[in-house]
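S.K.: This is run-v3.cif (mmCIF, C-alpha atoms and all ligand atoms).
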data_data
#
loop_
_atom_site.label_atom_id
_atom_site.label_comp_id
_atom_site.auth_asym_id
_atom_site.auth_seq_id
_atom_site.Cartn_x
_atom_site.Cartn_y
_atom_site.Cartn_z
CA MET A 1 0.00 0.00 0.00
CA ILE A 2 1.22 3.51 -0.73
CA GLY A 3 1.70 5.34 2.57
CA THR A 4 2.71 8.80 3.65
CA ALA A 5 6.20 10.16 4.16
CA ALA A 6 7.83 9.74 7.55
CA ARG A 7 7.65 13.49 8.21
CA VAL A 8 3.86 13.46 8.53
CA GLY A 9 3.94 10.55 10.94
CA VAL A 10 5.60 12.56 13.69
CA PHE A 11 2.69 14.84 14.50
CA THR A 12 -1.09 14.54 14.55
CA GLU A 13 -3.79 16.84 13.27
CA SER A 14 -4.31 20.06 15.19
CA VAL A 15 -6.13 19.37 18.46
CA ILE A 16 -7.61 22.88 18.34
CA ARG A 17 -9.19 22.31 14.97
CA GLU A 18 -10.25 18.80 16.02
CA MET A 19 -12.14 20.32 18.98
CA THR A 20 -13.81 22.77 16.61
CA ARG A 21 -15.05 19.85 14.54
CA LEU A 22 -16.26 17.93 17.61
CA ALA A 23 -18.08 21.03 18.89
CA ALA A 24 -19.95 21.25 15.59
CA GLU A 25 -20.76 17.53 15.69
CA HIS A 26 -22.23 17.73 19.20
CA GLY A 27 -23.87 21.14 18.89
CA GLY A 28 -21.38 22.56 21.39
CA VAL A 29 -20.49 26.24 21.74
CA ASN A 30 -17.01 26.48 20.26
CA LEU A 31 -14.64 28.20 22.68
CA ALA A 32 -11.79 26.10 21.30
CA GLN A 33 -10.49 27.84 18.18
CA GLY A 34 -9.58 31.50 18.46
CA PHE A 35 -11.79 33.22 15.92
CA PRO A 36 -14.47 35.87 16.37
CA ASP A 37 -18.13 34.94 16.01
CA PHE A 38 -18.89 38.60 15.23
CA PRO A 39 -18.31 40.35 11.91
CA ALA A 40 -15.17 42.16 10.81
CA PRO A 41 -15.39 45.97 10.57
CA ALA A 42 -17.92 46.92 7.88
CA GLU A 43 -15.46 49.30 6.24
CA LEU A 44 -13.06 46.42 5.74
CA LEU A 45 -15.68 44.16 4.21
CA GLU A 46 -16.63 46.96 1.84
CA ALA A 47 -12.96 47.45 0.92
CA ALA A 48 -12.63 43.72 0.12
CA ALA A 49 -15.75 43.76 -2.06
CA ARG A 50 -14.47 46.89 -3.82
CA ALA A 51 -11.09 45.28 -4.47
CA LEU A 52 -12.77 42.28 -6.11
CA ARG A 53 -14.92 44.53 -8.28
CA GLU A 54 -12.01 46.77 -9.20
CA GLY A 55 -10.07 43.85 -10.60
CA TYR A 56 -7.47 42.86 -7.98
CA ASN A 57 -8.00 39.26 -8.99
CA GLN A 58 -4.69 38.09 -10.40
CA TYR A 59 -1.43 37.22 -8.66
CA ALA A 60 0.04 40.05 -6.66
CA ILE A 61 3.83 40.34 -6.62
CA THR A 62 4.92 37.20 -4.82
CA TRP A 63 6.31 38.96 -1.74
CA GLY A 64 3.27 41.23 -1.47
CA ALA A 65 1.40 44.03 -3.21
CA PRO A 66 3.58 47.16 -3.05
CA ASN A 67 0.89 49.41 -1.53
CA PHE A 68 0.12 46.81 1.15
CA ARG A 69 3.81 46.53 2.01
CA ARG A 70 4.06 50.33 2.17
CA ALA A 71 1.07 50.44 4.52
CA LEU A 72 2.70 47.74 6.69
CA ALA A 73 5.94 49.73 6.87
CA GLU A 74 4.06 52.88 7.87
CA LYS A 75 2.22 51.06 10.62
CA ALA A 76 5.44 49.42 11.85
CA ARG A 77 6.87 52.95 12.11
CA TRP A 78 4.11 54.51 14.19
CA PHE A 79 3.03 51.50 16.22
CA ASN A 80 6.13 49.31 16.65
CA GLY A 81 8.65 52.14 16.50
CA ILE A 82 10.82 50.54 13.82
CA ALA A 83 12.02 51.80 10.44
CA VAL A 84 11.29 49.21 7.79
CA ASP A 85 11.93 49.25 4.04
CA PRO A 86 8.87 47.78 2.30
CA GLU A 87 11.00 46.85 -0.72
CA ARG A 88 13.57 44.83 1.19
CA ASN A 89 12.22 43.80 4.58
CA ILE A 90 8.58 42.79 4.18
CA THR A 91 7.16 39.53 2.80
CA VAL A 92 3.40 39.04 2.66
CA THR A 93 2.35 35.46 3.41
CA CYS A 94 -0.76 33.31 3.82
CA GLY A 95 -1.30 34.20 7.46
CA ALA A 96 1.14 34.17 10.33
CA THR A 97 1.00 30.39 9.95
CA GLU A 98 2.87 30.43 6.66
CA ALA A 99 5.04 33.30 7.91
CA MET A 100 6.34 31.15 10.79
CA MET A 101 6.87 28.07 8.62
CA ALA A 102 8.65 30.03 5.88
CA THR A 103 10.85 31.72 8.49
CA LEU A 104 11.94 28.45 10.07
CA LEU A 105 12.58 26.86 6.68
CA ALA A 106 14.61 29.88 5.60
CA THR A 107 16.69 30.32 8.74
CA VAL A 108 17.18 27.04 10.62
CA ASN A 109 19.13 24.08 9.32
CA PRO A 110 17.86 20.60 10.18
CA GLY A 111 19.27 19.65 13.57
CA GLU A 112 19.75 23.24 14.72
CA GLU A 113 17.92 24.22 17.87
CA VAL A 114 15.21 26.77 18.52
CA ILE A 115 14.24 27.89 22.01
CA VAL A 116 10.47 27.91 22.58
CA PHE A 117 8.65 29.02 25.73
CA GLU A 118 6.22 26.40 26.99
CA PRO A 119 3.21 26.21 27.00
CA PHE A 120 3.26 27.23 23.35
CA TYR A 121 0.92 27.81 20.43
CA GLU A 122 0.42 24.28 19.14
CA ASN A 123 1.58 24.99 15.56
CA TYR A 124 5.16 25.51 16.72
CA GLY A 125 5.58 21.77 17.38
CA PRO A 126 4.72 20.60 13.84
CA ASP A 127 6.47 23.69 12.41
CA ALA A 128 9.68 22.51 14.05
CA LYS A 129 9.12 18.92 12.93
CA LEU A 130 8.53 19.92 9.31
CA SER A 131 11.48 22.26 9.14
CA GLY A 132 13.87 19.92 10.96
CA ALA A 133 14.43 22.43 13.78
CA VAL A 134 14.88 20.92 17.23
CA PRO A 135 12.79 22.76 19.83
CA ARG A 136 14.28 23.33 23.29
CA PHE A 137 11.47 24.15 25.67
CA VAL A 138 11.71 26.63 28.54
CA PRO A 139 8.78 26.68 30.98
CA ILE A 140 6.58 29.67 31.62
CA ARG A 141 5.16 29.14 35.10
CA LEU A 142 1.36 28.99 35.32
CA GLU A 143 1.00 31.58 38.06
CA PRO A 144 0.14 35.31 37.98
CA GLY A 145 2.46 37.18 35.63
CA PHE A 146 3.49 33.88 33.99
CA PRO A 147 7.17 34.29 34.82
CA PHE A 148 10.06 32.30 33.38
CA ASP A 149 13.42 31.56 34.94
CA PRO A 150 16.22 33.38 33.08
CA ASP A 151 18.67 30.68 34.17
CA GLN A 152 16.58 28.07 32.38
CA VAL A 153 16.68 30.15 29.21
CA ARG A 154 20.47 30.53 29.52
CA ALA A 155 20.80 26.81 30.12
CA ALA A 156 18.77 26.05 26.99
CA VAL A 157 21.35 27.76 24.77
CA THR A 158 23.79 25.28 23.19
CA PRO A 159 26.30 25.58 20.34
CA LYS A 160 23.48 24.40 18.06
CA THR A 161 20.99 27.11 19.06
CA ARG A 162 20.00 29.24 16.12
CA ALA A 163 16.89 31.12 17.23
CA ILE A 164 14.47 31.93 20.02
CA VAL A 165 10.73 32.19 19.43
CA VAL A 166 8.94 34.88 21.45
CA ASN A 167 5.17 35.06 21.26
CA THR A 168 3.86 38.19 22.98
CA PRO A 169 1.02 38.59 23.87
CA HIS A 170 1.16 34.87 24.38
CA ASN A 171 -1.15 32.07 23.36
CA PRO A 172 -2.31 30.13 25.42
CA THR A 173 -1.50 31.96 28.67
CA GLY A 174 -2.13 35.62 27.85
CA LYS A 175 1.32 36.52 29.16
CA VAL A 176 2.65 39.86 27.96
CA PHE A 177 6.44 39.81 28.04
CA SER A 178 7.67 42.77 30.09
CA ARG A 179 10.35 45.13 28.86
CA PRO A 180 12.96 43.71 31.30
CA GLU A 181 12.15 40.20 30.08
CA LEU A 182 12.55 41.30 26.47
CA GLU A 183 15.79 43.09 27.35
CA PHE A 184 17.07 39.87 28.86
CA ILE A 185 16.17 37.96 25.69
CA ALA A 186 17.79 40.65 23.53
CA GLY A 187 20.97 40.37 25.64
CA LEU A 188 21.02 36.63 25.11
CA CYS A 189 20.55 37.07 21.35
CA HIS A 190 23.52 39.45 21.21
CA GLN A 191 25.70 37.28 23.42
CA HIS A 192 25.09 34.06 21.48
CA ASP A 193 24.41 35.51 18.03
CA LEU A 194 20.83 34.23 17.98
CA LEU A 195 17.95 35.17 15.74
CA ALA A 196 14.70 36.21 17.45
CA ILE A 197 11.45 35.15 15.81
CA THR A 198 8.63 37.16 17.34
CA ASP A 199 5.01 36.13 16.87
CA GLU A 200 3.08 39.34 17.47
CA VAL A 201 -0.37 38.46 16.11
CA TYR A 202 -2.01 39.69 19.35
CA GLU A 203 -0.07 42.96 19.55
CA HIS A 204 -3.28 45.01 19.77
CA ILE A 205 -5.14 42.71 22.17
CA ILE A 206 -3.67 43.76 25.47
CA TYR A 207 -5.25 44.71 28.81
CA ASP A 208 -5.02 46.60 32.07
CA GLY A 209 -3.09 49.53 30.59
CA LEU A 210 -0.16 47.38 29.47
CA ALA A 211 1.61 48.27 26.21
CA HIS A 212 3.02 45.96 23.57
CA THR A 213 6.79 46.07 23.12
CA THR A 214 8.30 44.84 19.89
CA LEU A 215 11.58 43.05 20.57
CA ALA A 216 12.90 44.40 17.25
CA ALA A 217 12.61 47.95 18.63
CA LEU A 218 15.23 47.25 21.31
CA PRO A 219 18.76 48.45 20.52
CA GLY A 220 20.48 46.32 17.89
CA MET A 221 17.55 43.90 17.56
CA LEU A 222 16.10 44.99 14.23
CA GLU A 223 19.10 43.32 12.55
CA ARG A 224 18.45 39.99 14.26
CA THR A 225 14.66 39.69 14.48
CA VAL A 226 12.01 38.27 12.20
CA ILE A 227 8.56 39.62 13.11
CA VAL A 228 5.66 37.31 12.29
CA ASN A 229 2.25 38.95 12.17
CA SER A 230 -1.09 38.97 10.36
CA LEU A 231 -4.43 40.67 9.80
CA SER A 232 -6.25 37.73 11.44
CA LYS A 233 -6.62 38.86 15.02
CA SER A 234 -6.21 42.64 14.83
CA TYR A 235 -8.99 43.04 12.27
CA SER A 236 -11.18 39.97 13.02
CA VAL A 237 -10.49 38.32 9.65
CA THR A 238 -8.93 34.96 10.51
CA GLY A 239 -10.31 33.47 7.29
CA TRP A 240 -8.55 35.94 5.02
CA ARG A 241 -5.18 34.28 5.49
CA VAL A 242 -3.08 37.40 5.07
CA GLY A 243 0.09 37.66 7.16
CA TRP A 244 3.62 38.94 6.81
CA THR A 245 7.19 38.85 8.05
CA ILE A 246 9.43 41.82 8.73
CA ALA A 247 13.05 40.69 8.51
CA PRO A 248 16.57 41.94 7.82
CA ALA A 249 17.07 42.07 4.03
CA ALA A 250 19.32 39.00 3.76
CA ILE A 251 16.86 36.90 5.76
CA ALA A 252 13.89 38.37 3.89
CA ASP A 253 15.50 37.14 0.66
CA GLY A 254 15.48 33.59 2.02
CA ILE A 255 11.92 33.86 3.35
CA ARG A 256 10.76 35.19 -0.03
CA LYS A 257 12.28 32.24 -1.85
CA VAL A 258 10.57 29.72 0.43
CA HIS A 259 7.30 31.64 0.32
CA ASP A 260 7.32 31.83 -3.47
CA PHE A 261 7.44 28.06 -3.81
CA LEU A 262 5.13 27.31 -0.89
CA THR A 263 2.18 29.51 -1.85
CA VAL A 264 3.25 32.08 -4.51
CA GLY A 265 1.28 34.72 -2.65
CA ALA A 266 -1.57 35.72 -0.40
CA ALA A 267 -4.99 36.68 -1.81
CA ALA A 268 -4.51 39.82 -3.94
CA PRO A 269 -7.89 41.49 -3.25
CA LEU A 270 -7.49 40.95 0.48
CA GLN A 271 -4.04 42.55 0.45
CA GLU A 272 -5.69 45.52 -1.23
CA ALA A 273 -8.39 45.60 1.48
CA GLY A 274 -5.61 45.29 4.05
CA VAL A 275 -4.44 48.77 3.07
CA THR A 276 -7.75 50.06 4.44
CA ALA A 277 -7.26 48.07 7.67
CA LEU A 278 -3.76 49.42 8.23
CA GLY A 279 -5.07 52.95 7.71
CA PHE A 280 -7.58 52.69 10.58
CA PRO A 281 -7.22 55.50 13.13
CA ARG A 282 -5.43 54.77 16.39
CA ARG A 283 -8.76 54.86 18.19
CA TYR A 284 -9.67 51.59 16.42
CA TYR A 285 -6.97 49.76 18.39
CA THR A 286 -7.86 51.20 21.79
CA ASP A 287 -11.50 50.30 21.19
CA LEU A 288 -10.49 46.77 20.14
CA ALA A 289 -8.46 46.24 23.32
CA ALA A 290 -11.25 47.69 25.49
CA MET A 291 -13.82 45.41 23.83
CA TYR A 292 -11.68 42.33 24.45
CA GLN A 293 -10.98 43.37 28.04
CA ARG A 294 -14.75 43.41 28.69
CA LYS A 295 -15.05 39.98 27.07
CA ARG A 296 -12.18 38.66 29.17
CA ASP A 297 -13.88 39.87 32.35
CA THR A 298 -17.21 38.37 31.32
CA LEU A 299 -15.77 34.93 30.56
CA LEU A 300 -13.56 34.96 33.67
CA GLY A 301 -16.67 35.57 35.78
CA ILE A 302 -18.54 32.73 34.08
CA LEU A 303 -15.68 30.26 34.44
CA GLN A 304 -15.08 31.12 38.07
CA GLU A 305 -18.77 30.77 38.83
CA ALA A 306 -18.59 27.32 37.22
CA GLY A 307 -15.77 26.32 39.59
CA PHE A 308 -12.63 26.63 37.45
CA ALA A 309 -9.45 28.14 38.88
CA CYS A 310 -8.46 30.60 36.16
CA LEU A 311 -5.44 32.72 35.44
CA ALA A 312 -6.39 36.15 34.13
CA PRO A 313 -4.65 36.92 30.82
CA SER A 314 -2.95 40.28 30.25
CA GLY A 315 -3.24 39.92 26.48
CA ALA A 316 -4.46 37.73 23.61
CA TYR A 317 -7.96 36.25 23.90
CA TYR A 318 -7.69 33.00 25.82
CA ILE A 319 -8.12 31.93 29.43
CA ILE A 320 -6.24 28.95 30.75
CA CYS A 321 -7.99 27.17 33.63
CA ASP A 322 -7.19 24.49 36.15
CA ILE A 323 -9.80 21.70 36.12
CA THR A 324 -8.78 20.01 39.37
CA PRO A 325 -11.20 22.05 41.54
CA LEU A 326 -13.95 20.35 39.53
CA GLY A 327 -12.66 16.91 40.46
CA TYR A 328 -11.04 16.15 37.10
CA ASP A 329 -7.39 15.48 36.44
CA ASP A 330 -7.37 14.53 32.76
CA ASP A 331 -7.76 17.43 30.33
CA TYR A 332 -8.82 15.26 27.41
CA GLU A 333 -11.43 13.32 29.37
CA PHE A 334 -12.73 16.59 30.83
CA THR A 335 -12.88 18.25 27.41
CA MET A 336 -14.87 15.35 25.97
CA HIS A 337 -17.25 15.50 28.93
CA LEU A 338 -17.69 19.26 28.48
CA ILE A 339 -18.37 18.95 24.77
CA ARG A 340 -20.70 15.96 24.95
CA GLU A 341 -22.58 16.52 28.21
CA VAL A 342 -22.45 20.27 28.73
CA GLY A 343 -22.16 21.57 25.17
CA VAL A 344 -19.11 23.82 25.48
CA ALA A 345 -15.80 23.11 23.74
CA PRO A 346 -12.42 24.15 25.20
CA VAL A 347 -8.97 22.93 24.11
CA PRO A 348 -7.23 20.30 26.28
CA GLY A 349 -4.20 21.86 27.97
CA SER A 350 -1.88 19.07 26.84
CA SER A 351 -1.96 20.49 23.29
CA PHE A 352 0.30 23.28 24.47
CA PHE A 353 3.06 21.15 26.00
CA HIS A 354 5.62 18.83 24.45
CA ASP A 355 4.97 16.36 27.29
CA PRO A 356 1.16 16.12 27.39
CA ALA A 357 1.31 15.24 31.10
CA SER A 358 2.37 18.81 31.88
CA GLY A 359 -0.93 20.16 30.59
CA ARG A 360 -3.32 17.52 31.85
CA HIS A 361 -4.82 19.71 34.59
CA TYR A 362 -5.65 22.55 32.23
CA VAL A 363 -8.03 23.56 29.48
CA ARG A 364 -8.06 26.74 27.41
CA PHE A 365 -11.14 28.79 26.53
CA ALA A 366 -11.21 31.43 23.77
CA PHE A 367 -13.29 34.60 24.20
CA PRO A 368 -13.57 36.44 20.88
CA LYS A 369 -17.31 35.89 21.16
CA ARG A 370 -20.60 37.83 21.23
CA GLU A 371 -22.56 38.56 24.43
CA GLU A 372 -25.25 36.07 23.33
CA THR A 373 -22.58 33.38 23.09
CA PHE A 374 -21.44 34.13 26.64
CA ASP A 375 -25.07 33.96 27.86
CA GLU A 376 -25.38 30.52 26.30
CA VAL A 377 -22.07 29.39 27.81
CA ARG A 378 -23.14 30.69 31.22
CA SER A 379 -26.38 28.75 31.16
CA ARG A 380 -24.77 25.57 29.79
CA LEU A 381 -21.96 25.63 32.35
CA ARG A 382 -24.58 25.65 35.10
CA ARG A 383 -25.07 21.98 34.15
CA LEU A 384 -21.46 21.24 35.03
CA ARG A 385 -21.23 19.41 38.33
CA PRO A 386 -17.98 18.99 40.23
CA ARG A 387 -16.98 15.38 40.45
CA SER A 388 -16.39 14.25 43.98
CA ARG A 389 -13.99 11.38 43.46
CA ALA A 390 -10.46 12.02 44.64
CA THR A 391 -8.05 13.38 42.08
CA SER A 392 -4.38 12.55 41.77
CA ALA A 393 -3.51 16.09 42.83
CA PRO A 394 -5.03 18.19 45.60
CA ALA A 395 -7.81 20.35 44.18
CA LEU A 396 -7.19 24.07 44.11
CA GLN A 397 -9.79 26.44 45.44
CA PRO A 398 -11.08 28.88 42.83
CA ALA A 399 -9.81 32.26 43.98
CA PRO A 400 -11.38 35.66 43.44
CA ARG A 401 -10.44 37.33 40.17
CA PRO A 402 -7.71 37.39 39.04
CA SER A 403 -7.57 33.87 40.31
CA VAL A 404 -4.52 31.80 40.85
CA SER A 405 -3.65 28.25 40.05
CA ARG A 406 -0.49 26.25 40.27
CA PRO A 407 1.81 24.70 37.77
CA ALA A 408 0.69 21.23 36.79
CA ALA A 409 2.39 18.38 38.53
CA SER A 410 4.30 16.43 35.96
CA GLY A 411 3.47 12.79 35.77
CA PRO A 412 3.89 9.94 33.36
CA ALA A 413 3.61 11.07 29.77
CA ALA A 414 -0.05 11.14 28.85
CA ALA A 415 0.68 10.60 25.18
CA GLY A 416 0.50 6.87 25.48
CA ARG A 417 -2.61 6.80 27.60
CA ARG A 418 -4.65 8.13 24.72
CA GLY A 419 -2.42 7.55 21.80
CA ARG A 420 -1.71 11.20 21.13
CA SER A 421 2.04 11.44 20.79
CA ARG A 422 1.87 14.73 18.98
CA ARG A 423 5.39 16.00 19.40
C1 LIG B 501 0.22 32.80 18.54
C2 LIG B 501 -0.43 32.60 17.21
N1 LIG B 501 0.31 32.73 16.11
C3 LIG B 501 -0.21 32.54 14.89
C4 LIG B 501 -1.54 32.21 14.73
C5 LIG B 501 -2.08 31.98 13.35
O1 LIG B 501 -2.36 33.20 12.74
P1 LIG B 501 -2.87 33.27 11.24
O2 LIG B 501 -4.36 33.18 11.25
O3 LIG B 501 -2.43 34.62 10.79
O4 LIG B 501 -2.23 32.20 10.47
C6 LIG B 501 -2.35 32.06 15.85
C7 LIG B 501 -3.77 31.67 15.70
O5 LIG B 501 -4.44 31.31 16.61
C8 LIG B 501 -1.78 32.27 17.12
O6 LIG B 501 -2.51 32.12 18.23
#
Can I see the file as structure tokens?
M.R.:
Amino acid sequence: MIGTAARVGVFTESVIREMTRLAAEHGGVNLAQGFPDFPAPAELLEAAARALREGYNQYAITWGAPNFRRALAEKARWFNGIAVDPERNITVTCGATEAMMATLLATVNPGEEVIVFEPFYENYGPDAKLSGAVPRFVPIRLEPGFPFDPDQVRAAVTPKTRAIVVNTPHNPTGKVFSRPELEFIAGLCHQHDLLAITDEVYEHIIYDGLAHTTLAALPGMLERTVIVNSLSKSYSVTGWRVGWTIAPAAIADGIRKVHDFLTVGAAAPLQEAGVTALGFPRRYYTDLAAMYQRKRDTLLGILQEAGFACLAPSGAYYIICDITPLGYDDDYEFTMHLIREVGVAPVPGSSFFHDPASGRHYVRFAFPKREETFDEVRSRLRRLRPRSRATSAPALQPAPRPSVSRPAASGPAAAGRRGRSRR
């Protein structure tokens, strides 16, 4: 029988997208995948329709339509505080997803190492597998502020280390890397001649008066950083699949080559509409952050009322919760119960760890959702009953907002117990 290549045997399908499918199958409210259930700004939809009518229907230049790249450079100037040449530094891709893959393929040789903070956005695992990069994981502690230990980052650097991936604001925790933390990472990059790959797709979704800092804006970092970003989250258009990288010219050349042969280019009319998005007034971004902060507070209240111990995010649009106060200690079993019996779909925490056991006490809920969706979730979660049987770890008490949970106890790898050896 004709089978698949070995490289696709080393990871499974996306758990996040699998949960989305299961939610649809069971009529569950989908709080698994991070996409809005409300429309994108009307002006943007109109711009997309106009672009189609006006004839932007053939291939754009492979590394991006010139006016879109110019608009990206202008926004990088006023928002990120960096000077970027749209001709040499910017490559437009099919979402941040392709941007990350193309960057790894263009910059990391098979067998070279990449430092990744854990928990991590689940795509990074398969991205590393497909590109041949070897991830070295450094834990972010699941406690308020989501700190990491600088010594563990230092210890993760070896002669084979090529790059460090920094996702801020962070999925799944909502951590926003502080300026001192970014300065530490920049210092490490200078000391060991590392490339920084920064995933900044949530740069505008940030709470409690915090501000986004672009690592590339720190002294000397523009020359050693690839920024990965997209329209998806900032403009509520995750289905458009328009992203980009901002990279030093020599690296951009490599990314452009990979990108050309992976996808040729992102949708031309949507790049044209993207010019409208990037021209939105600054007020658009403060309103966006304020809207998501209200949604965060609403969902936090609902989850705490239901008995979860939650960690309040400072950015992005996810809440990571401890399930042990509800008498469960297996994220996958709990997720299935929640989807099938309660009708709400989260993502099992193990999807965000290389050793699934580290995430087994957690689930992640997404909150880019309408008020009506939250009302439905609130009423469905009232059906959730804590389970009284003893758990393998002492249950945490849900604390008042922002609530606090503890890092998961590590145990035997859970991969085997349910056949999900993803990474
Ligand atoms: C951290 C992070 N990076 C990248 C992506 C993918 O973005 P895009 O839709 O632009 O491919 C996501 C989507 O959830 C994400 O959470």
S.K.: Give me, as a PyMOL selection string, all polymer residues having an atom no more than 9 Å from Phe334 (chain A), counting all atoms listed in the file and skipping those fewer than 6 positions away in the same chain.
M.R.: chain A and resi 323+328+348+363
S.K.: Which residues, written as a list in words, have at least one atom at most 12 Å from Arg21 (chain A), with all atoms listed in the file counted and residues fewer than 2 positions away on the same chain left out?
M.R.: Glu13, Ser14, Val15, Ile16, Arg17, Glu18, Met19, Ala23, Ala24, Glu25, His26, Gly27, Gly28, Val29, Asn30, Leu31, Ala32, Gln33, Ile339, Ala345, Pro346 and Val347 of chain A
S.K.: Quick one: pull the distance between CA of Pro36 (chain A) and CA of Tyr317 (chain A), Å, one decimal.
M.R.: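 Separation between CA of Pro36 (chain A) and CA of Tyr317 (chain A): 10.0 Å.
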S.K.: So which residues touch Val157 (chain A) within 12 Å, counting all atoms listed in the file, skipping near sequence neighbours fewer than 3 positions away, as a ChimeraX atom specification?
M.R.: /A:112-116,135-138,150-154,160-164,185,188-189,191-194
S.K.: Would you export the selected residues with C-alpha atoms as a PDB file, keeping the file's coordinate frame, please?
M.R.:
ATOM      1  CA  GLU A 112      19.750  23.240  14.720  1.00  0.00           C
ATOM      2  CA  GLU A 113      17.920  24.220  17.870  1.00  0.00           C
ATOM      3  CA  VAL A 114      15.210  26.770  18.520  1.00  0.00           C
ATOM      4  CA  ILE A 115      14.240  27.890  22.010  1.00  0.00           C
ATOM      5  CA  VAL A 116      10.470  27.910  22.580  1.00  0.00           C
ATOM      6  CA  PRO A 135      12.790  22.760  19.830  1.00  0.00           C
ATOM      7  CA  ARG A 136      14.280  23.330  23.290  1.00  0.00           C
ATOM      8  CA  PHE A 137      11.470  24.150  25.670  1.00  0.00           C
ATOM      9  CA  VAL A 138      11.710  26.630  28.540  1.00  0.00           C
ATOM     10  CA  PRO A 150      16.220  33.380  33.080  1.00  0.00           C
ATOM     11  CA  ASP A 151      18.670  30.680  34.170  1.00  0.00           C
ATOM     12  CA  GLN A 152      16.580  28.070  32.380  1.00  0.00           C
ATOM     13  CA  VAL A 153      16.680  30.150  29.210  1.00  0.00           C
ATOM     14  CA  ARG A 154      20.470  30.530  29.520  1.00  0.00           C
ATOM     15  CA  LYS A 160      23.480  24.400  18.060  1.00  0.00           C
ATOM     16  CA  THR A 161      20.990  27.110  19.060  1.00  0.00           C
ATOM     17  CA  ARG A 162      20.000  29.240  16.120  1.00  0.00           C
ATOM     18  CA  ALA A 163      16.890  31.120  17.230  1.00  0.00           C
ATOM     19  CA  ILE A 164      14.470  31.930  20.020  1.00  0.00           C
ATOM     20  CA  ILE A 185      16.170  37.960  25.690  1.00  0.00           C
ATOM     21  CA  LEU A 188      21.020  36.630  25.110  1.00  0.00           C
ATOM     22  CA  CYS A 189      20.550  37.070  21.350  1.00  0.00           C
ATOM     23  CA  GLN A 191      25.700  37.280  23.420  1.00  0.00           C
ATOM     24  CA  HIS A 192      25.090  34.060  21.480  1.00  0.00           C
ATOM     25  CA  ASP A 193      24.410  35.510  18.030  1.00  0.00           C
ATOM     26  CA  LEU A 194      20.830  34.230  17.980  1.00  0.00           C
TER      27      LEU A 194
END
S.K.: Considering all atoms listed in the file, state which residue in the set A:Asn229, A:Thr213, A:Ser379, A:Thr107 is at the smallest distance from Asp199 (chain A).
M.R.: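 Between A:Asn229, A:Thr213, A:Ser379, A:Thr107, the residue approaching Asp199 (chain A) most closely is A:Asn229.
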S.K.: With a distance cut-off of 10 Å and only C-alpha atoms, select the neighbouring residues of Pro66 (chain A), excluding the residue or stretch itself and same-chain residues fewer than 2 positions from it, and output the selection as a list of chain:residue names.
M.R.: A:Ala60, A:Ile61, A:Trp63, A:Gly64, A:Phe68, A:Arg69, A:Arg70, A:Ala71, A:Leu72, A:Pro86, A:Glu87, A:Ile90, A:Val92, A:Gln271, A:Glu272
S.K.: Show me which residues sit within 6 Å of ligand LIG 501 (chain B) when counting all atoms listed in the file, and put them as a list of chain:residue names.
M.R.: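 Counting only what the definition allows, namely all atoms listed in the file, the set is A:Gly34, A:Gly95, A:Ala96, A:Thr97, A:Tyr121, A:Asn171, A:Asp199, A:Val201, A:Ser230, A:Ser232, A:Thr238, A:Arg241, A:Gly243.
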S.K.: May I ask which of the residues A:Phe38, A:Phe146, A:Phe374, A:Phe261 is the closest one to Tyr235 (chain A), counting all atoms listed in the file?
M.R.: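 Counting all atoms listed in the file, the residue closest to Tyr235 (chain A) is A:Phe38.
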S.K.: Do a neighbour search on region 289-295 of chain A at 9 Å with all atoms listed in the file, toss out local chain neighbours closer than 2 positions, and write the hits as an MDAnalysis selection string.
M.R.: chainID A and resid 204:208 284:287 297:300 314:317 367:371 374
S.K.: Which one is closest to Ser351 (chain A): A:Thr198, A:Thr335, A:Thr158, A:Thr62? Count all atoms listed in the file.
M.R.: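 Going through A:Thr198, A:Thr335, A:Thr158, A:Thr62 one by one, the smallest distance to Ser351 (chain A) is for A:Thr335.
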S.K.: Would you compute the distance between CA of Arg179 (chain A) and CA of Ala156 (chain A)? Give it in Å to one decimal.
M.R.: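 So the answer is 20.9 Å.
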S.K.: Enter the distance from CA of Ala249 (chain A) to CA of Glu183 (chain A), in Å, rounded to one decimal.
M.R.: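 Separation between CA of Ala249 (chain A) and CA of Glu183 (chain A): 23.4 Å.
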S.K.: Taking only C-alpha atoms into account, which of A:Leu22, A:Arg7, A:Pro110, A:Asp37 comes nearest Gly343 (chain A)?
M.R.: A:Leu22
S.K.: Let me make sure I understand: among A:Pro180, A:Gly145, A:Gly274, A:Gly187, which one has the smallest atom-to-atom distance to Gly220 (chain A) if we use only C-alpha atoms?
M.R.: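 Answer, going by the shortest atom-to-atom distance: A:Gly187.
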S.K.: Which of these residues is nearest to Asn123 (chain A), using only C-alpha atoms: A:Ala306, A:Met100, A:Leu326, A:Leu52?
M.R.: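 Answer, going by the shortest atom-to-atom distance: A:Met100.
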S.K.: Within 6 Å of (-0.7, 37.7, 20.4) in the file's own coordinates, which protein, DNA or RNA residues have an atom, counting all atoms listed in the file? List them as a list in words.
M.R.: Thr168, Pro169, His170, Glu200, Val201, Tyr202, Glu203 and Ala316 of chain A
